[in-house]
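Shown here: entry08.cif, mmCIF, C-alpha atoms.
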data_protein
#
loop_
_atom_site.group_PDB
_atom_site.id
_atom_site.type_symbol
_atom_site.label_atom_id
_atom_site.label_comp_id
_atom_site.auth_asym_id
_atom_site.auth_seq_id
_atom_site.Cartn_x
_atom_site.Cartn_y
_atom_site.Cartn_z
ATOM 1 C CA MET A 1 146.483 123.658 98.265
ATOM 2 C CA ASN A 2 148.091 120.478 99.598
ATOM 3 C CA THR A 3 151.088 121.951 101.370
ATOM 4 C CA LEU A 4 149.019 124.748 102.859
ATOM 5 C CA PHE A 5 146.470 122.207 103.998
ATOM 6 C CA LYS A 6 149.111 120.029 105.646
ATOM 7 C CA VAL A 7 150.699 122.990 107.392
ATOM 8 C CA LEU A 8 147.289 124.058 108.664
ATOM 9 C CA ALA A 9 146.515 120.525 109.830
ATOM 10 C CA VAL A 10 149.771 120.278 111.809
ATOM 11 C CA LEU A 11 149.182 123.720 113.268
ATOM 12 C CA THR A 12 145.657 122.749 114.321
ATOM 13 C CA LEU A 13 146.948 119.593 115.972
ATOM 14 C CA LEU A 14 149.531 121.596 117.915
ATOM 15 C CA LEU A 15 146.903 124.144 118.928
ATOM 16 C CA LEU A 16 144.536 121.411 120.079
ATOM 17 C CA GLY A 17 147.311 119.844 122.147
ATOM 18 C CA TYR A 18 148.318 123.145 123.660
ATOM 19 C CA GLY A 19 144.687 124.059 124.332
ATOM 20 C CA PHE A 20 144.235 120.714 126.070
ATOM 21 C CA CYS A 21 147.266 121.363 128.302
ATOM 22 C CA GLN A 22 145.959 124.825 129.109
ATOM 23 C CA ALA A 23 142.482 123.580 129.948
ATOM 24 C CA MET A 24 143.517 120.541 131.967
ATOM 25 C CA TYR A 25 146.702 121.544 133.773
ATOM 26 C CA ILE A 26 147.434 125.240 133.628
ATOM 27 C CA ALA A 27 144.058 126.902 134.197
ATOM 28 C CA PRO A 28 143.226 127.226 137.907
ATOM 29 C CA THR A 29 140.611 124.915 139.374
ATOM 30 C CA GLU A 30 137.235 126.567 139.818
ATOM 31 C CA ALA A 31 136.520 127.389 143.469
ATOM 32 C CA THR A 32 133.052 125.867 143.937
ATOM 33 C CA MET A 33 132.670 123.471 141.037
ATOM 34 C CA GLY A 34 136.113 121.905 141.039
ATOM 35 C CA ASP A 35 137.580 120.084 138.099
ATOM 36 C CA VAL A 36 134.221 119.503 136.434
ATOM 37 C CA GLN A 37 134.241 123.118 135.323
ATOM 38 C CA ARG A 38 137.111 122.378 132.937
ATOM 39 C CA ILE A 39 134.650 121.000 130.398
ATOM 40 C CA PHE A 40 133.633 124.623 129.919
ATOM 41 C CA TYR A 41 136.817 125.117 127.876
ATOM 42 C CA TYR A 42 135.313 122.792 125.287
ATOM 43 C CA HIS A 43 131.666 123.708 125.713
ATOM 44 C CA LEU A 44 131.974 127.429 125.015
ATOM 45 C CA PRO A 45 134.397 127.313 122.046
ATOM 46 C CA SER A 46 132.259 124.689 120.282
ATOM 47 C CA ALA A 47 129.142 126.775 120.865
ATOM 48 C CA TRP A 48 130.756 129.863 119.386
ATOM 49 C CA VAL A 49 132.200 127.965 116.462
ATOM 50 C CA ALA A 50 128.801 126.378 115.777
ATOM 51 C CA PHE A 51 127.135 129.814 115.755
ATOM 52 C CA LEU A 52 129.863 131.106 113.472
ATOM 53 C CA LEU A 53 129.401 128.206 111.071
ATOM 54 C CA PHE A 54 125.647 128.742 110.945
ATOM 55 C CA PHE A 55 126.372 132.352 110.092
ATOM 56 C CA VAL A 56 128.678 131.200 107.288
ATOM 57 C CA ASN A 57 125.890 128.909 106.131
ATOM 58 C CA PHE A 58 123.516 131.874 106.073
ATOM 59 C CA LEU A 59 125.937 134.006 104.031
ATOM 60 C CA ALA A 60 126.623 131.165 101.605
ATOM 61 C CA SER A 61 122.871 130.526 101.195
ATOM 62 C CA ALA A 62 122.205 134.184 100.419
ATOM 63 C CA TRP A 63 125.164 134.226 98.044
ATOM 64 C CA TYR A 64 123.805 131.151 96.299
ATOM 65 C CA LEU A 65 120.343 132.659 95.823
ATOM 66 C CA ILE A 66 121.878 135.787 94.284
ATOM 67 C CA ARG A 67 124.634 134.274 92.143
ATOM 68 C CA ARG A 68 123.698 130.596 91.800
ATOM 69 C CA THR A 69 127.243 129.285 91.852
ATOM 70 C CA ASN A 70 128.210 125.770 92.870
ATOM 71 C CA ARG A 71 130.877 127.149 95.143
ATOM 72 C CA ALA A 72 128.330 128.889 97.344
ATOM 73 C CA ASP A 73 126.235 125.756 97.563
ATOM 74 C CA ALA A 74 129.255 123.625 98.461
ATOM 75 C CA LEU A 75 130.225 126.103 101.166
ATOM 76 C CA ALA A 76 126.692 126.126 102.577
ATOM 77 C CA LEU A 77 126.632 122.334 102.725
ATOM 78 C CA ALA A 78 130.080 122.124 104.321
ATOM 79 C CA SER A 79 129.382 124.745 106.977
ATOM 80 C CA ALA A 80 126.007 123.226 107.879
ATOM 81 C CA GLU A 81 127.470 119.764 108.321
ATOM 82 C CA VAL A 82 130.400 120.883 110.428
ATOM 83 C CA GLY A 83 128.142 123.273 112.355
ATOM 84 C CA VAL A 84 125.799 120.436 113.261
ATOM 85 C CA SER A 85 128.708 118.365 114.556
ATOM 86 C CA PHE A 86 129.945 121.222 116.744
ATOM 87 C CA CYS A 87 126.416 121.857 117.983
ATOM 88 C CA THR A 88 126.286 118.164 118.902
ATOM 89 C CA ILE A 89 129.462 118.608 120.966
ATOM 90 C CA VAL A 90 127.773 121.479 122.806
ATOM 91 C CA LEU A 91 124.685 119.380 123.489
ATOM 92 C CA LEU A 92 126.851 116.492 124.737
ATOM 93 C CA THR A 93 129.271 118.395 126.952
ATOM 94 C CA GLY A 94 126.424 120.378 128.539
ATOM 95 C CA PRO A 95 124.694 117.389 130.175
ATOM 96 C CA ILE A 96 128.057 115.903 131.250
ATOM 97 C CA TRP A 97 128.670 119.105 133.186
ATOM 98 C CA ALA A 98 125.072 119.444 134.385
ATOM 99 C CA ARG A 99 124.883 115.968 135.916
ATOM 100 C CA PRO A 100 127.301 116.636 138.838
ATOM 101 C CA ILE A 101 126.449 120.342 139.161
ATOM 102 C CA TRP A 102 122.654 120.437 138.814
ATOM 103 C CA GLY A 103 122.116 116.781 139.632
ATOM 104 C CA ILE A 104 120.184 116.224 136.385
ATOM 105 C CA TRP A 105 121.233 115.519 132.822
ATOM 106 C CA TRP A 106 118.722 117.670 131.058
ATOM 107 C CA THR A 107 116.018 120.168 131.865
ATOM 108 C CA TRP A 108 113.536 121.872 129.541
ATOM 109 C CA ASP A 109 115.065 125.212 130.198
ATOM 110 C CA ALA A 110 114.954 128.032 127.622
ATOM 111 C CA ARG A 111 118.613 127.996 126.716
ATOM 112 C CA LEU A 112 118.875 124.243 126.461
ATOM 113 C CA THR A 113 115.652 123.926 124.518
ATOM 114 C CA SER A 114 116.548 126.681 122.076
ATOM 115 C CA THR A 115 119.958 125.125 121.391
ATOM 116 C CA LEU A 116 118.232 121.820 120.773
ATOM 117 C CA VAL A 117 115.837 123.598 118.410
ATOM 118 C CA LEU A 118 118.761 125.139 116.567
ATOM 119 C CA TRP A 119 120.321 121.711 116.222
ATOM 120 C CA LEU A 120 116.993 120.329 114.956
ATOM 121 C CA ILE A 121 116.708 123.093 112.360
ATOM 122 C CA TYR A 122 120.083 122.322 110.866
ATOM 123 C CA VAL A 123 119.512 118.583 111.035
ATOM 124 C CA SER A 124 116.287 119.151 109.094
ATOM 125 C CA TYR A 125 118.355 121.232 106.678
ATOM 126 C CA LEU A 126 120.614 118.246 106.047
ATOM 127 C CA VAL A 127 117.609 115.929 105.748
ATOM 128 C CA LEU A 128 116.031 118.298 103.232
ATOM 129 C CA ARG A 129 119.199 118.248 101.162
ATOM 130 C CA HIS A 130 118.943 114.497 101.152
ATOM 131 C CA TYR A 131 115.259 114.260 100.226
ATOM 132 C CA ALA A 132 114.738 117.027 97.690
ATOM 133 C CA THR A 133 115.144 116.028 94.090
ATOM 134 C CA GLY A 134 117.534 117.133 91.392
ATOM 135 C CA GLY A 135 118.377 120.729 90.682
ATOM 136 C CA GLN A 136 116.035 122.214 93.286
ATOM 137 C CA VAL A 137 118.092 121.002 96.228
ATOM 138 C CA PRO A 138 120.384 124.033 96.482
ATOM 139 C CA VAL A 139 117.565 126.570 96.147
ATOM 140 C CA LEU A 140 115.321 124.931 98.717
ATOM 141 C CA ALA A 141 118.216 124.330 101.075
ATOM 142 C CA ALA A 142 119.373 127.930 100.738
ATOM 143 C CA ALA A 143 115.875 129.168 101.588
ATOM 144 C CA LEU A 144 115.760 126.972 104.685
ATOM 145 C CA GLY A 145 119.278 128.069 105.654
ATOM 146 C CA ILE A 146 118.205 131.712 105.629
ATOM 147 C CA PHE A 147 115.036 130.928 107.571
ATOM 148 C CA GLY A 148 116.949 128.846 110.073
ATOM 149 C CA PHE A 149 119.460 131.563 110.721
ATOM 150 C CA ALA A 150 116.648 133.900 111.767
ATOM 151 C CA ASP A 151 116.366 131.654 114.825
ATOM 152 C CA VAL A 152 120.013 131.964 115.847
ATOM 153 C CA PRO A 153 119.689 135.420 117.492
ATOM 154 C CA ILE A 154 116.724 134.132 119.500
ATOM 155 C CA VAL A 155 118.837 131.268 120.787
ATOM 156 C CA TYR A 156 121.686 133.593 121.572
ATOM 157 C CA MET A 157 119.526 136.071 123.453
ATOM 158 C CA ALA A 158 117.557 133.368 125.283
ATOM 159 C CA ILE A 159 120.158 133.336 128.045
ATOM 160 C CA ARG A 160 119.552 137.015 128.731
ATOM 161 C CA TRP A 161 115.791 137.201 128.218
ATOM 162 C CA PHE A 162 114.627 134.259 130.218
ATOM 163 C CA ARG A 163 115.402 133.391 133.801
ATOM 164 C CA THR A 164 117.194 130.199 132.899
ATOM 165 C CA GLN A 165 118.992 127.573 134.802
ATOM 166 C CA HIS A 166 121.906 127.829 132.420
ATOM 167 C CA PRO A 167 124.677 129.991 133.929
ATOM 168 C CA GLN A 168 124.503 133.648 132.982
ATOM 169 C CA PRO A 169 126.865 134.721 130.224
ATOM 170 C CA VAL A 170 130.333 134.678 131.733
ATOM 171 C CA ILE A 171 131.746 136.834 129.022
ATOM 172 C CA GLY A 172 130.286 140.240 128.339
ATOM 173 C CA GLY A 173 127.639 139.659 130.989
ATOM 174 C CA GLY A 174 126.546 142.010 133.757
ATOM 175 C CA GLU A 175 128.114 142.882 137.110
ATOM 176 C CA GLY A 176 130.035 140.172 138.877
ATOM 177 C CA SER A 177 130.568 138.127 135.750
ATOM 178 C CA GLY A 178 133.957 137.566 134.302
ATOM 179 C CA LEU A 179 136.719 135.057 134.207
ATOM 180 C CA HIS A 180 139.986 134.742 136.010
ATOM 181 C CA PRO A 181 142.708 135.957 133.588
ATOM 182 C CA ALA A 182 144.345 132.522 133.568
ATOM 183 C CA MET A 183 141.023 130.984 132.583
ATOM 184 C CA TRP A 184 140.698 133.493 129.779
ATOM 185 C CA VAL A 185 143.982 132.251 128.338
ATOM 186 C CA ALA A 186 142.698 128.692 128.257
ATOM 187 C CA VAL A 187 139.392 129.769 126.689
ATOM 188 C CA LEU A 188 141.116 131.743 123.953
ATOM 189 C CA TRP A 189 143.582 128.969 123.088
ATOM 190 C CA ASN A 190 140.795 126.458 122.837
ATOM 191 C CA LEU A 191 138.669 128.838 120.834
ATOM 192 C CA ALA A 192 141.533 129.302 118.373
ATOM 193 C CA ALA A 193 142.082 125.553 118.181
ATOM 194 C CA PHE A 194 138.401 124.808 117.576
ATOM 195 C CA ALA A 195 138.067 127.559 115.000
ATOM 196 C CA MET A 196 141.072 126.132 113.123
ATOM 197 C CA LEU A 197 139.638 122.638 113.343
ATOM 198 C CA ALA A 198 136.311 123.857 111.969
ATOM 199 C CA LEU A 199 138.102 125.698 109.168
ATOM 200 C CA LEU A 200 139.958 122.531 108.212
ATOM 201 C CA PHE A 201 136.802 120.422 108.204
ATOM 202 C CA VAL A 202 134.840 122.969 106.218
ATOM 203 C CA TRP A 203 137.656 123.287 103.717
ATOM 204 C CA ILE A 204 137.994 119.570 103.116
ATOM 205 C CA ARG A 205 134.221 119.077 102.909
ATOM 206 C CA TYR A 206 133.913 122.047 100.559
ATOM 207 C CA LYS A 207 136.514 120.583 98.191
ATOM 208 C CA GLN A 208 134.756 117.251 98.358
ATOM 209 C CA ALA A 209 131.347 118.762 97.586
ATOM 210 C CA LEU A 210 132.799 120.609 94.604
ATOM 211 C CA ALA A 211 134.464 117.433 93.340
ATOM 212 C CA GLU A 212 131.205 115.539 93.781
ATOM 213 C CA HIS A 213 129.381 118.127 91.744
ATOM 214 C CA ALA A 214 132.013 118.045 88.982
ATOM 215 C CA LEU A 215 131.759 114.254 88.923
ATOM 216 C CA GLU A 216 127.968 114.395 88.588
ATOM 217 C CA GLU A 217 128.240 116.847 85.725
ATOM 218 C CA ALA A 218 130.820 114.684 84.005
ATOM 219 C CA HIS A 219 128.530 111.670 84.390
ATOM 220 C CA ALA A 220 125.590 113.563 82.938
ATOM 221 C CA GLN A 221 127.742 114.774 80.052
ATOM 222 C CA ALA A 222 129.062 111.274 79.402
ATOM 223 C CA SER A 223 125.616 109.682 79.349
ATOM 224 C CA LEU A 224 124.389 112.485 77.096
ATOM 225 C CA ASN A 225 127.248 111.826 74.648
ATOM 226 C CA TYR A 226 126.537 108.132 74.782
ATOM 227 C CA GLU A 227 122.880 108.655 73.950
ATOM 228 C CA THR A 228 123.545 110.921 70.999
ATOM 229 C CA GLU A 229 126.116 108.465 69.649
ATOM 230 C CA GLY A 230 123.655 105.629 70.067
ATOM 231 C CA ALA A 231 121.014 107.553 68.095
ATOM 232 C CA GLN A 232 123.239 108.134 65.130
ATOM 233 C CA MET W 233 96.246 140.928 119.702
ATOM 234 C CA VAL W 234 98.135 137.786 120.642
ATOM 235 C CA ALA W 235 95.756 135.602 118.665
ATOM 236 C CA LEU W 236 96.149 137.835 115.630
ATOM 237 C CA LEU W 237 99.939 137.906 115.697
ATOM 238 C CA ALA W 238 100.166 134.198 116.487
ATOM 239 C CA THR W 239 97.840 133.215 113.673
ATOM 240 C CA TRP W 240 99.820 135.399 111.306
ATOM 241 C CA ALA W 241 103.084 133.706 112.311
ATOM 242 C CA LEU W 242 101.648 130.231 111.784
ATOM 243 C CA VAL W 243 100.051 131.141 108.464
ATOM 244 C CA VAL W 244 103.182 132.738 107.036
ATOM 245 C CA ASN W 245 105.426 129.841 108.019
ATOM 246 C CA GLY W 246 102.899 127.222 107.052
ATOM 247 C CA THR W 247 102.364 128.652 103.584
ATOM 248 C CA PHE W 248 106.030 129.105 102.876
ATOM 249 C CA PHE W 249 107.105 125.667 103.979
ATOM 250 C CA ALA W 250 104.174 124.003 102.278
ATOM 251 C CA ALA W 251 105.364 125.600 99.045
ATOM 252 C CA LEU W 252 108.887 124.476 99.829
ATOM 253 C CA SER W 253 108.181 120.901 100.783
ATOM 254 C CA ILE W 254 105.874 120.250 97.824
ATOM 255 C CA ARG W 255 109.048 120.014 95.759
ATOM 256 C CA THR W 256 110.589 117.267 97.869
ATOM 257 C CA ARG W 257 110.206 113.537 98.049
ATOM 258 C CA SER W 258 108.141 112.168 100.969
ATOM 259 C CA ARG W 259 106.718 115.634 101.561
ATOM 260 C CA GLU W 260 104.298 114.427 104.237
ATOM 261 C CA ILE W 261 107.280 113.826 106.500
ATOM 262 C CA MET W 262 109.335 116.805 105.413
ATOM 263 C CA LEU W 263 106.720 119.473 106.148
ATOM 264 C CA PRO W 264 106.314 118.910 109.905
ATOM 265 C CA LEU W 265 110.007 118.116 110.238
ATOM 266 C CA ILE W 266 110.987 121.530 108.911
ATOM 267 C CA LEU W 267 108.001 123.575 110.050
ATOM 268 C CA PHE W 268 108.083 122.581 113.700
ATOM 269 C CA PRO W 269 111.625 123.655 114.672
ATOM 270 C CA ILE W 270 111.248 126.907 112.747
ATOM 271 C CA SER W 271 107.962 127.732 114.480
ATOM 272 C CA ILE W 272 109.037 126.889 118.027
ATOM 273 C CA PRO W 273 110.053 130.462 118.974
ATOM 274 C CA ALA W 274 106.633 131.715 117.860
ATOM 275 C CA LEU W 275 104.840 128.912 119.689
ATOM 276 C CA LEU W 276 106.827 129.661 122.832
ATOM 277 C CA ALA W 277 106.019 133.366 122.618
ATOM 278 C CA MET W 278 102.288 132.821 122.088
ATOM 279 C CA VAL W 279 101.996 130.311 124.917
ATOM 280 C CA ASP W 280 103.860 132.552 127.345
ATOM 281 C CA ALA W 281 101.953 135.664 126.305
ATOM 282 C CA THR W 282 98.605 133.915 126.786
ATOM 283 C CA THR W 283 99.722 132.528 130.138
ATOM 284 C CA SER W 284 100.755 135.908 131.472
ATOM 285 C CA ILE W 285 97.535 137.541 130.216
ATOM 286 C CA LEU W 286 95.343 134.878 131.810
ATOM 287 C CA THR W 287 97.177 134.698 135.129
ATOM 288 C CA GLY W 288 98.022 138.390 135.253
ATOM 289 C CA ASP W 289 101.311 137.647 137.001
ATOM 290 C CA ASN W 290 103.721 139.130 134.506
ATOM 291 C CA SER W 291 103.450 141.651 131.755
ATOM 292 C CA PRO W 292 102.888 140.027 128.365
ATOM 293 C CA ILE W 293 104.441 143.020 126.561
ATOM 294 C CA PHE W 294 107.786 141.315 126.072
ATOM 295 C CA TRP W 295 106.242 138.235 124.476
ATOM 296 C CA ILE W 296 103.947 140.266 122.251
ATOM 297 C CA ARG W 297 106.930 142.279 121.102
ATOM 298 C CA LEU W 298 108.918 139.109 120.391
ATOM 299 C CA LEU W 299 105.979 137.716 118.444
ATOM 300 C CA ALA W 300 105.665 140.946 116.443
ATOM 301 C CA VAL W 301 109.373 140.942 115.582
ATOM 302 C CA TYR W 302 109.175 137.269 114.644
ATOM 303 C CA ASP W 303 106.197 138.006 112.359
ATOM 304 C CA LEU W 304 107.985 140.913 110.745
ATOM 305 C CA VAL W 305 111.206 138.995 110.109
ATOM 306 C CA PHE W 306 109.579 135.839 108.812
ATOM 307 C CA THR W 307 107.063 137.672 106.624
ATOM 308 C CA THR W 308 109.853 139.656 104.982
ATOM 309 C CA VAL W 309 112.068 136.629 104.474
ATOM 310 C CA GLY W 310 109.112 134.599 103.234
ATOM 311 C CA LEU W 311 108.114 137.226 100.679
ATOM 312 C CA ILE W 312 111.659 137.543 99.379
ATOM 313 C CA LEU W 313 112.257 133.810 99.128
ATOM 314 C CA PHE W 314 108.849 132.729 97.883
ATOM 315 C CA GLU W 315 109.536 133.323 94.223
ATOM 316 C CA PRO W 316 112.915 131.570 93.945
ATOM 317 C CA VAL W 317 111.503 128.578 95.807
ATOM 318 C CA LEU W 318 108.410 128.321 93.614
ATOM 319 C CA ASN W 319 110.450 128.730 90.454
ATOM 320 C CA ALA W 320 113.142 126.277 91.467
ATOM 321 C CA GLU W 321 113.495 124.001 88.500
#
What is this structure when it is put down as structure tokens?
Amino acid sequence: MNTLFKVLAVLTLLLLGYGFCQAMYIAPTEATMGDVQRIFYYHLPSAWVAFLLFFVNFLASAWYLIRRTNRADALALASAEVGVSFCTIVLLTGPIWARPIWGIWWTWDARLTSTLVLWLIYVSYLVLRHYATGGQVPVLAAALGIFGFADVPIVYMAIRWFRTQHPQPVIGGGEGSGLHPAMWVAVLWNLAAFAMLALLFVWIRYKQALAEHALEEAHAQASLNYETEGAQ
Amino acid sequence: MVALLATWALVVNGTFFAALSIRTRSREIMLPLILFPISIPALLAMVDATTSILTGDNSPIFWIRLLAVYDLVFTTVGLILFEPVLNAE
């Protein structure tokens, strides 16, 4: 695992660097918005990666409820945590862009609100994991993970259903939408870099959660042995 | 129609998450914390549907449909997950 992990880490670093070059220097400057638009190369990949991670969380939760393995639970925890951090990036880069373009940091617009709601759901998921007791944690968390994911499509479609202030979908949208090919290159490189970064984080957190679980079991076993010895 | 669907959505979610949060520490805080974000789409749909019915400006069909789909999805998920959550040891 270690060599593969190191290779992946170096590769991710290179990709991040290259993606940064692409976004900052190579991609053409947007005609009306100017350089501020470049934050889009970070905003969109993090949003997609966050959605992807919540989907992974959903799959892992369902897998846990069916099979009840520690691996599924560890994966669910890892993907939720990393997903929340990427969702935070989305919620931070959005206002930074909106301030010079819209003139305001935040507006209670459908897309913005629904992303905030999504973030809240997964934060409450993490809080629940913290506050539930003992062996029920994974079951309860898995149930909430599945419920929470039912909200993701609503968030995703919000941009199409409502007349929002958020820009219409640039990719796969209607007439007149679309990116300059050179911008596409930058988006794809950054998307690859962010997906790799997320994979690395999830992997390391997953291993850690598994180790934590093994440690807890060992502790329980040790104290059990101690008690039985003490009784004899 | 809207009142019926909206009440159903709130009841289904409320029951499920009450059953869920009863197993946690400091459940008085946990219940609203979890229930509110999950219910926001339903709340949004019922408010908008009522607004468009009362003002008559837009058609409420879209919101009613969203509310119906929301009810369907959450009732199904709730029924499936209710037992594992109640039996969580």
Box for stretch 99-115 of chain A - axis-aligned, 4 Å on each of the six sides, all listed atoms - centre and size in Å to one decimal, as JSON.
{"center_x": 120.4, "center_y": 121.8, "center_z": 130.5, "size_x": 21.8, "size_y": 20.5, "size_z": 26.2}
Report task. List the residues selected by the PyMOL selection byres ((chain W) within 8 of (chain A)) in the file shown, writing them as a PyMOL selection string. Result -> chain W and resi 252+255-258+262+265-266+269-270+272-273+305-306+309+313+316-317+320-321
Requested in this report: Fewer than 3 positions away in the same chain doesn't count, so skip those; otherwise give me all residues within 12 Å of A:Ala76, counting all atoms listed in the file, as an MDAnalysis selection string.
Outcome: chainID A and resid 53:65 69:73 79:83 122 125:126 129 137:139 141:146 202:203 205:206 209:210
Report summary line: As a check of understanding: the span from atom CA of A:Trp189 to atom CA of A:Ile39 is 14.0 Å
**Report entry** Between atom CA of A:Val10 and atom CA of A:Pro45 - distance in Å to one decimal
**Finding:**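 Calculated distance between atom CA of A:Pro45 and atom CA of A:Val10 is 19.8 Å.
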Query raised in the report: So which one's closest to A:Cys21, A:Ile104, A:Ala186, A:Ala74, A:Cys87? Using all atoms listed in the file, please.
Result: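 Of the candidates, the smallest distance to A:Cys21 is held by A:Ala186.
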Report summary line: One decimal place gives the atom CA of W:Asp303-atom CA of W:Ala241 separation as 5.3 Å
Report task. Do a neighbour search on A:Trp97 at 9 Å with all atoms listed in the file, toss out local chain neighbours closer than 6 positions, and write the hits as a list in words. Result ->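 What passes the distance filter is Val36, Gln37, Ile39, Phe40 and Trp105 of chain A.
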Query raised in the report: Given the choices W:Asn290, W:Leu298, W:Phe248, W:Ser253, which gets closest to W:Ile312 if the distance is worked out from all atoms listed in the file?
Result: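 Of the candidates, the smallest distance to W:Ile312 is held by W:Phe248.
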Requested in this report: Select all residues near (106.8, 133.3, 121.7) (cut-off 10 Å, inclusive, file coordinates), counting all atoms listed in the file, and output them as a list in words.
Outcome: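 The distance filter leaves exactly Val234, Ala238, Ser271, Ile272, Pro273, Ala274, Leu275, Leu276, Ala277, Met278, Val279, Asp280, Ala281, Thr282, Phe294, Trp295, Ile296, Arg297, Leu298, Leu299, Ala300 and Tyr302 of chain W.
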Query - Counting only C-alpha atoms, the option among A:Leu11, A:Met24, A:Leu75, A:Leu52 closest to A:Pro153 - result: A:Leu52
Query raised in the report: For W:Gly310, which of W:Ile261, W:Met233, W:Ile293, W:Val243 is the closest residue, counting all atoms listed in the file?
Result: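 Nearest to W:Gly310: W:Val243.
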With the file shown as input, list the residues that the PyMOL selection byres ((chain A and resi 197) around 10) selects, as a compact mmCIF listing (two decimals) with C-alpha atoms, keeping the file's coordinate frame.
# COMPACT_ATOMS: atom_id res chain seq x y z
CA LEU A 8 147.29 124.06 108.66
CA ALA A 9 146.51 120.52 109.83
CA LEU A 11 149.18 123.72 113.27
CA THR A 12 145.66 122.75 114.32
CA LEU A 13 146.95 119.59 115.97
CA LEU A 15 146.90 124.14 118.93
CA LEU A 16 144.54 121.41 120.08
CA VAL A 49 132.20 127.96 116.46
CA VAL A 82 130.40 120.88 110.43
CA LEU A 191 138.67 128.84 120.83
CA ALA A 192 141.53 129.30 118.37
CA ALA A 193 142.08 125.55 118.18
CA PHE A 194 138.40 124.81 117.58
CA ALA A 195 138.07 127.56 115.00
CA MET A 196 141.07 126.13 113.12
CA ALA A 198 136.31 123.86 111.97
CA LEU A 199 138.10 125.70 109.17
CA LEU A 200 139.96 122.53 108.21
CA PHE A 201 136.80 120.42 108.20
CA VAL A 202 134.84 122.97 106.22
CA TRP A 203 137.66 123.29 103.72
Report task. Extract, using all atoms listed in the file, all DNA, RNA and protein residues at most 9 Å from W:Thr307, discarding same-chain residues fewer than 6 positions from it, and format them as a PyMOL selection string. Result -> chain W and resi 240-241+244-245
